[in-house]
Amino acid sequence: MSRLDTMIRRMTAQRAGLAWAKQALGAAETGVPGDIVEVGLGAGRTYDYMREHFPDRKIWVIERVVEAHPDYHPPAELLLLGEAEDGLAKLAGADLALVSYDLGVGDPVGDPALAAHFAPAMIACLRKGGGLIVSTQPLPDHPELTAISQDEAGTIGRVFVYRR
Ligand SMILES: C[S@@+](CC[C@H](N)C(=O)[O-])C[C@H]1O[C@@H](n2cnc3c(N)ncnc32)[C@H](O)[C@@H]1O
């Protein structure tokens with residue numbers, strides 16, 4: 001599969017995973033409460049989707065170098081500029097409703113290993129009993145995480161959804 005097709009497949013699955021998360025969480029007031037975080041701003045594509053679809057929630061952003069167009073920058077008070085390790089540590093215990101994880105450079109070995117490394121820190125940020133992770137990498141089995149099937153989430157192939 002070409003890099004272009006791989007990218008289209010990933011983005012289609014990301015959008016499906018985030019759309020599934022939106023309906024699973026419901027509104028912040030009446031559904032699963034909590035802020036959300038984008039881990040990896042990049043060009044701001046998924047961040048912009050989240051702004052549009054989760055207007056009633058604060059969206060934190062973790063990014064080591066902000067290079068997106070200014071239209072896609074988060075407000076300064078919600079930007080955790082620096083390493084994901086530090087940003088996730090700041091959000092530990094925040095009872096987030098959603099972690100969107102999108103670090104990776106297309107390295108088939110390094111990318112899943114990095115996601116596995118960050119999995120415990122992502123779980124520590126999440127609300128027990130409903131918080132979701134939408135990840136572009138599979139996460140290792142964890143007693144506090146239930147994997148949502150890719151059939152259910154509509155994320156076949158490239159995106160992995162988990163509930164704490
Ligand atoms: C794949 S891109 C994110 C794409 C983005 N979600 C989008 O839809 O446009 C990954 C981003 O994560 C950032 N990044 C990678 N490793 C990181 C780390 N350890 N800590 C913080 N940011 C990191 C990179 O600078 C890059 O901007």
# chains A, B, ... in the order shown; residues from 1 in each chain; ligands from 1
>>> residues_near_ligand(ligand="ligand 1", cutoff="7 Å", atoms="only C-alpha atoms and all ligand atoms", output="PyMOL selection string")
chain A and resi 39-47+62-66+82-85+102-105
>>> select_by_dssp(residues="segment 43-158 of chain A", states="strand (DSSP E or B)", output="ChimeraX atom specification")
/A:59-63,79-81,96,98-101,126,132-135,146-148
>>> atom_distance(atom1="atom CA of Met7 of chain A", atom2="atom CA of Thr136 of chain A")
11.2 Å
>>> residues_around(residues="Ala119 of chain A", least_positions_apart="4", cutoff="7 Å", atoms="only C-alpha atoms", output="PDB file with N, CA, C and O atoms, in the first residue's frame")
ATOM      1  N   ALA A 115       4.096   4.181  22.029  1.00  0.00           N
ATOM      2  CA  ALA A 115       2.728   4.202  22.565  1.00  0.00           C
ATOM      3  C   ALA A 115       2.633   3.312  23.807  1.00  0.00           C
ATOM      4  O   ALA A 115       1.992   3.683  24.796  1.00  0.00           O
ATOM      5  N   ILE A 123      -3.373   6.379  30.860  1.00  0.00           N
ATOM      6  CA  ILE A 123      -4.418   5.817  31.738  1.00  0.00           C
ATOM      7  C   ILE A 123      -4.537   6.663  33.005  1.00  0.00           C
ATOM      8  O   ILE A 123      -5.644   6.931  33.490  1.00  0.00           O
ATOM      9  N   LEU A 139      -2.275  -0.423  21.947  1.00  0.00           N
ATOM     10  CA  LEU A 139      -1.688  -0.362  23.287  1.00  0.00           C
ATOM     11  C   LEU A 139      -1.649  -1.778  23.859  1.00  0.00           C
ATOM     12  O   LEU A 139      -2.498  -2.610  23.520  1.00  0.00           O
TER      13      LEU A 139
END
>>> residues_around(residues="Val32 of chain A", least_positions_apart="2", cutoff="12 Å", atoms="only C-alpha atoms", output="count of residues only")
28
>>> atom_distance(atom1="atom CA of Val134 of chain A", atom2="atom CA of Glu152 of chain A")
13.2 Å
>>> atom_distance(atom1="atom CA of Arg9 of chain A", atom2="atom CA of Gly157 of chain A")
7.8 Å
>>> residues_around(residues="Ala76 of chain A", least_positions_apart="2", cutoff="12 Å", atoms="only C-alpha atoms", output="number ranges by chain")
A: 59-62, 66, 70, 72-74, 78-81
>>> write_last_selection(atoms="C-alpha atoms", output="short mmCIF file (atom, residue, chain, number, x, y, z; two decimals), in the first residue's frame")
data_model
loop_
_atom_site.label_atom_id
_atom_site.label_comp_id
_atom_site.auth_asym_id
_atom_site.auth_seq_id
_atom_site.Cartn_x
_atom_site.Cartn_y
_atom_site.Cartn_z
CA ILE A 59 -9.01 20.63 24.84
CA TRP A 60 -5.46 20.39 26.19
CA VAL A 61 -2.66 19.96 23.66
CA ILE A 62 0.72 18.31 24.23
CA VAL A 66 4.25 23.91 17.51
CA PRO A 70 -1.71 29.78 13.84
CA TYR A 72 -4.88 25.68 14.59
CA HIS A 73 -2.99 26.70 17.72
CA PRO A 74 -4.66 26.01 21.06
CA LEU A 78 -4.22 24.88 27.25
CA LEU A 79 -0.91 24.23 25.46
CA LEU A 80 1.48 21.91 27.32
CA LEU A 81 4.57 22.74 25.31
#
>>> closest_residue(among="A:Pro140, A:Pro120, A:Gly106, A:Pro112", to="Arg10 of chain A", atoms="only C-alpha atoms")
A:Gly106
>>> select_by_dssp(residues="segment 89-156 of chain A", states="alpha helix (DSSP H)", output="PDB file with all heavy atoms, in the first residue's frame")
ATOM      1  N   ALA A  89       2.296  13.885  32.571  1.00  0.00           N
ATOM      2  CA  ALA A  89       2.478  13.917  34.037  1.00  0.00           C
ATOM      3  C   ALA A  89       1.683  15.076  34.645  1.00  0.00           C
ATOM      4  O   ALA A  89       1.093  14.940  35.715  1.00  0.00           O
ATOM      5  CB  ALA A  89       3.964  14.037  34.381  1.00  0.00           C
ATOM      6  N   LYS A  90       1.620  16.207  33.917  1.00  0.00           N
ATOM      7  CA  LYS A  90       0.854  17.355  34.439  1.00  0.00           C
ATOM      8  C   LYS A  90      -0.647  17.044  34.487  1.00  0.00           C
ATOM      9  O   LYS A  90      -1.375  17.599  35.309  1.00  0.00           O
ATOM     10  CB  LYS A  90       1.076  18.590  33.565  1.00  0.00           C
ATOM     11  CG  LYS A  90       2.424  19.216  33.835  1.00  0.00           C
ATOM     12  CD  LYS A  90       2.598  20.544  33.120  1.00  0.00           C
ATOM     13  CE  LYS A  90       4.019  21.045  33.347  1.00  0.00           C
ATOM     14  NZ  LYS A  90       4.681  21.532  32.155  1.00  0.00           N
ATOM     15  N   LEU A  91      -1.103  16.177  33.583  1.00  0.00           N
ATOM     16  CA  LEU A  91      -2.544  15.868  33.526  1.00  0.00           C
ATOM     17  C   LEU A  91      -2.919  14.629  34.346  1.00  0.00           C
ATOM     18  O   LEU A  91      -4.093  14.244  34.381  1.00  0.00           O
ATOM     19  CB  LEU A  91      -2.963  15.669  32.068  1.00  0.00           C
ATOM     20  CG  LEU A  91      -2.894  16.933  31.197  1.00  0.00           C
ATOM     21  CD1 LEU A  91      -3.201  16.597  29.736  1.00  0.00           C
ATOM     22  CD2 LEU A  91      -3.871  18.003  31.700  1.00  0.00           C
ATOM     23  N   GLY A 110       9.210   1.343  16.230  1.00  0.00           N
ATOM     24  CA  GLY A 110       9.353   2.404  17.235  1.00  0.00           C
ATOM     25  C   GLY A 110       8.025   3.024  17.653  1.00  0.00           C
ATOM     26  O   GLY A 110       7.830   3.339  18.832  1.00  0.00           O
ATOM     27  N   ASP A 111       7.096   3.190  16.709  1.00  0.00           N
ATOM     28  CA  ASP A 111       5.828   3.873  17.039  1.00  0.00           C
ATOM     29  C   ASP A 111       4.998   3.086  18.061  1.00  0.00           C
ATOM     30  O   ASP A 111       4.557   3.665  19.066  1.00  0.00           O
ATOM     31  CB  ASP A 111       5.010   4.151  15.774  1.00  0.00           C
ATOM     32  CG  ASP A 111       5.636   5.234  14.897  1.00  0.00           C
ATOM     33  OD1 ASP A 111       6.607   5.879  15.340  1.00  0.00           O
ATOM     34  OD2 ASP A 111       5.159   5.424  13.764  1.00  0.00           O
ATOM     35  N   PRO A 112       4.769   1.770  17.848  1.00  0.00           N
ATOM     36  CA  PRO A 112       4.016   1.027  18.873  1.00  0.00           C
ATOM     37  C   PRO A 112       4.766   0.954  20.199  1.00  0.00           C
ATOM     38  O   PRO A 112       4.145   0.989  21.270  1.00  0.00           O
ATOM     39  CB  PRO A 112       3.856  -0.371  18.266  1.00  0.00           C
ATOM     40  CG  PRO A 112       4.233  -0.271  16.847  1.00  0.00           C
ATOM     41  CD  PRO A 112       5.031   0.971  16.645  1.00  0.00           C
ATOM     42  N   ALA A 113       6.091   0.905  20.142  1.00  0.00           N
ATOM     43  CA  ALA A 113       6.871   0.841  21.396  1.00  0.00           C
ATOM     44  C   ALA A 113       6.704   2.148  22.176  1.00  0.00           C
ATOM     45  O   ALA A 113       6.569   2.141  23.412  1.00  0.00           O
ATOM     46  CB  ALA A 113       8.347   0.581  21.083  1.00  0.00           C
ATOM     47  N   LEU A 114       6.680   3.268  21.459  1.00  0.00           N
ATOM     48  CA  LEU A 114       6.500   4.568  22.126  1.00  0.00           C
ATOM     49  C   LEU A 114       5.109   4.649  22.759  1.00  0.00           C
ATOM     50  O   LEU A 114       4.949   5.097  23.904  1.00  0.00           O
ATOM     51  CB  LEU A 114       6.686   5.695  21.105  1.00  0.00           C
ATOM     52  CG  LEU A 114       6.794   7.105  21.680  1.00  0.00           C
ATOM     53  CD1 LEU A 114       8.093   7.267  22.482  1.00  0.00           C
ATOM     54  CD2 LEU A 114       6.744   8.159  20.566  1.00  0.00           C
ATOM     55  N   ALA A 115       4.096   4.181  22.029  1.00  0.00           N
ATOM     56  CA  ALA A 115       2.728   4.202  22.565  1.00  0.00           C
ATOM     57  C   ALA A 115       2.633   3.312  23.807  1.00  0.00           C
ATOM     58  O   ALA A 115       1.992   3.683  24.796  1.00  0.00           O
ATOM     59  CB  ALA A 115       1.739   3.739  21.491  1.00  0.00           C
ATOM     60  N   ALA A 116       3.283   2.163  23.769  1.00  0.00           N
ATOM     61  CA  ALA A 116       3.259   1.263  24.932  1.00  0.00           C
ATOM     62  C   ALA A 116       3.934   1.942  26.120  1.00  0.00           C
ATOM     63  O   ALA A 116       3.468   1.841  27.259  1.00  0.00           O
ATOM     64  CB  ALA A 116       3.965  -0.047  24.582  1.00  0.00           C
ATOM     65  N   HIS A 117       4.996   2.665  25.853  1.00  0.00           N
ATOM     66  CA  HIS A 117       5.701   3.396  26.917  1.00  0.00           C
ATOM     67  C   HIS A 117       4.774   4.432  27.573  1.00  0.00           C
ATOM     68  O   HIS A 117       4.775   4.599  28.788  1.00  0.00           O
ATOM     69  CB  HIS A 117       6.943   4.068  26.330  1.00  0.00           C
ATOM     70  CG  HIS A 117       7.579   5.066  27.237  1.00  0.00           C
ATOM     71  ND1 HIS A 117       8.312   4.693  28.344  1.00  0.00           N
ATOM     72  CD2 HIS A 117       7.566   6.426  27.226  1.00  0.00           C
ATOM     73  CE1 HIS A 117       8.726   5.777  28.984  1.00  0.00           C
ATOM     74  NE2 HIS A 117       8.291   6.848  28.323  1.00  0.00           N
ATOM     75  N   PHE A 118       3.972   5.118  26.740  1.00  0.00           N
ATOM     76  CA  PHE A 118       3.116   6.188  27.274  1.00  0.00           C
ATOM     77  C   PHE A 118       1.771   5.689  27.814  1.00  0.00           C
ATOM     78  O   PHE A 118       1.040   6.459  28.439  1.00  0.00           O
ATOM     79  CB  PHE A 118       2.860   7.248  26.195  1.00  0.00           C
ATOM     80  CG  PHE A 118       4.041   8.160  25.966  1.00  0.00           C
ATOM     81  CD1 PHE A 118       4.532   8.379  24.697  1.00  0.00           C
ATOM     82  CD2 PHE A 118       4.637   8.809  27.038  1.00  0.00           C
ATOM     83  CE1 PHE A 118       5.630   9.222  24.481  1.00  0.00           C
ATOM     84  CE2 PHE A 118       5.730   9.653  26.840  1.00  0.00           C
ATOM     85  CZ  PHE A 118       6.218   9.857  25.563  1.00  0.00           C
ATOM     86  N   ALA A 119       1.441   4.418  27.569  1.00  0.00           N
ATOM     87  CA  ALA A 119       0.112   3.925  27.963  1.00  0.00           C
ATOM     88  C   ALA A 119      -0.190   4.144  29.448  1.00  0.00           C
ATOM     89  O   ALA A 119      -1.255   4.683  29.787  1.00  0.00           O
ATOM     90  CB  ALA A 119      -0.046   2.453  27.573  1.00  0.00           C
ATOM     91  N   PRO A 120       0.694   3.786  30.377  1.00  0.00           N
ATOM     92  CA  PRO A 120       0.358   3.993  31.797  1.00  0.00           C
ATOM     93  C   PRO A 120       0.100   5.468  32.126  1.00  0.00           C
ATOM     94  O   PRO A 120      -0.800   5.792  32.913  1.00  0.00           O
ATOM     95  CB  PRO A 120       1.598   3.472  32.544  1.00  0.00           C
ATOM     96  CG  PRO A 120       2.259   2.540  31.583  1.00  0.00           C
ATOM     97  CD  PRO A 120       1.989   3.098  30.209  1.00  0.00           C
ATOM     98  N   ALA A 121       0.854   6.367  31.520  1.00  0.00           N
ATOM     99  CA  ALA A 121       0.657   7.801  31.784  1.00  0.00           C
ATOM    100  C   ALA A 121      -0.662   8.277  31.195  1.00  0.00           C
ATOM    101  O   ALA A 121      -1.338   9.140  31.780  1.00  0.00           O
ATOM    102  CB  ALA A 121       1.827   8.595  31.199  1.00  0.00           C
ATOM    103  N   MET A 122      -1.062   7.717  30.050  1.00  0.00           N
ATOM    104  CA  MET A 122      -2.369   8.102  29.474  1.00  0.00           C
ATOM    105  C   MET A 122      -3.492   7.612  30.384  1.00  0.00           C
ATOM    106  O   MET A 122      -4.450   8.344  30.655  1.00  0.00           O
ATOM    107  CB  MET A 122      -2.528   7.506  28.068  1.00  0.00           C
ATOM    108  CG  MET A 122      -1.617   8.134  27.048  1.00  0.00           C
ATOM    109  SD  MET A 122      -2.150   7.708  25.369  1.00  0.00           S
ATOM    110  CE  MET A 122      -1.055   6.372  24.976  1.00  0.00           C
ATOM    111  N   ILE A 123      -3.373   6.379  30.860  1.00  0.00           N
ATOM    112  CA  ILE A 123      -4.418   5.817  31.738  1.00  0.00           C
ATOM    113  C   ILE A 123      -4.537   6.663  33.005  1.00  0.00           C
ATOM    114  O   ILE A 123      -5.644   6.931  33.490  1.00  0.00           O
ATOM    115  CB  ILE A 123      -4.089   4.341  32.074  1.00  0.00           C
ATOM    116  CG1 ILE A 123      -4.145   3.497  30.810  1.00  0.00           C
ATOM    117  CG2 ILE A 123      -5.040   3.799  33.134  1.00  0.00           C
ATOM    118  CD1 ILE A 123      -3.519   2.116  30.940  1.00  0.00           C
ATOM    119  N   ALA A 124      -3.409   7.126  33.517  1.00  0.00           N
ATOM    120  CA  ALA A 124      -3.427   7.907  34.768  1.00  0.00           C
ATOM    121  C   ALA A 124      -4.166   9.245  34.616  1.00  0.00           C
ATOM    122  O   ALA A 124      -4.609   9.832  35.594  1.00  0.00           O
ATOM    123  CB  ALA A 124      -1.990   8.152  35.226  1.00  0.00           C
ATOM    124  N   CYS A 125      -4.305   9.720  33.377  1.00  0.00           N
ATOM    125  CA  CYS A 125      -5.030  10.983  33.133  1.00  0.00           C
ATOM    126  C   CYS A 125      -6.528  10.773  32.986  1.00  0.00           C
ATOM    127  O   CYS A 125      -7.299  11.726  33.030  1.00  0.00           O
ATOM    128  CB  CYS A 125      -4.573  11.615  31.805  1.00  0.00           C
ATOM    129  SG  CYS A 125      -2.863  12.018  31.725  1.00  0.00           S
ATOM    130  N   GLN A 150     -12.647  -2.770  16.544  1.00  0.00           N
ATOM    131  CA  GLN A 150     -12.538  -1.843  15.415  1.00  0.00           C
ATOM    132  C   GLN A 150     -13.808  -1.868  14.566  1.00  0.00           C
ATOM    133  O   GLN A 150     -14.164  -0.861  13.960  1.00  0.00           O
ATOM    134  CB  GLN A 150     -11.299  -2.165  14.585  1.00  0.00           C
ATOM    135  CG  GLN A 150     -10.013  -1.854  15.356  1.00  0.00           C
ATOM    136  CD  GLN A 150      -8.784  -2.033  14.515  1.00  0.00           C
ATOM    137  OE1 GLN A 150      -8.703  -2.949  13.708  1.00  0.00           O
ATOM    138  NE2 GLN A 150      -7.803  -1.166  14.704  1.00  0.00           N
ATOM    139  N   ASP A 151     -14.513  -2.975  14.572  1.00  0.00           N
ATOM    140  CA  ASP A 151     -15.809  -3.034  13.871  1.00  0.00           C
ATOM    141  C   ASP A 151     -16.778  -2.052  14.505  1.00  0.00           C
ATOM    142  O   ASP A 151     -17.460  -1.286  13.821  1.00  0.00           O
ATOM    143  CB  ASP A 151     -16.417  -4.437  13.992  1.00  0.00           C
ATOM    144  CG  ASP A 151     -15.957  -5.335  12.867  1.00  0.00           C
ATOM    145  OD1 ASP A 151     -15.444  -4.795  11.868  1.00  0.00           O
ATOM    146  OD2 ASP A 151     -16.094  -6.561  13.008  1.00  0.00           O
ATOM    147  N   GLU A 152     -16.824  -2.064  15.847  1.00  0.00           N
ATOM    148  CA  GLU A 152     -17.772  -1.185  16.544  1.00  0.00           C
ATOM    149  C   GLU A 152     -17.398   0.292  16.345  1.00  0.00           C
ATOM    150  O   GLU A 152     -18.246   1.133  16.075  1.00  0.00           O
ATOM    151  CB  GLU A 152     -17.803  -1.517  18.040  1.00  0.00           C
ATOM    152  CG  GLU A 152     -18.811  -0.647  18.780  1.00  0.00           C
ATOM    153  CD  GLU A 152     -18.886  -0.916  20.280  1.00  0.00           C
ATOM    154  OE1 GLU A 152     -18.403  -1.960  20.751  1.00  0.00           O
ATOM    155  OE2 GLU A 152     -19.426  -0.028  20.972  1.00  0.00           O
ATOM    156  N   ALA A 153     -16.101   0.583  16.490  1.00  0.00           N
ATOM    157  CA  ALA A 153     -15.671   1.980  16.407  1.00  0.00           C
ATOM    158  C   ALA A 153     -15.516   2.458  14.963  1.00  0.00           C
ATOM    159  O   ALA A 153     -15.354   3.654  14.722  1.00  0.00           O
ATOM    160  CB  ALA A 153     -14.368   2.168  17.180  1.00  0.00           C
TER     161      ALA A 153
END
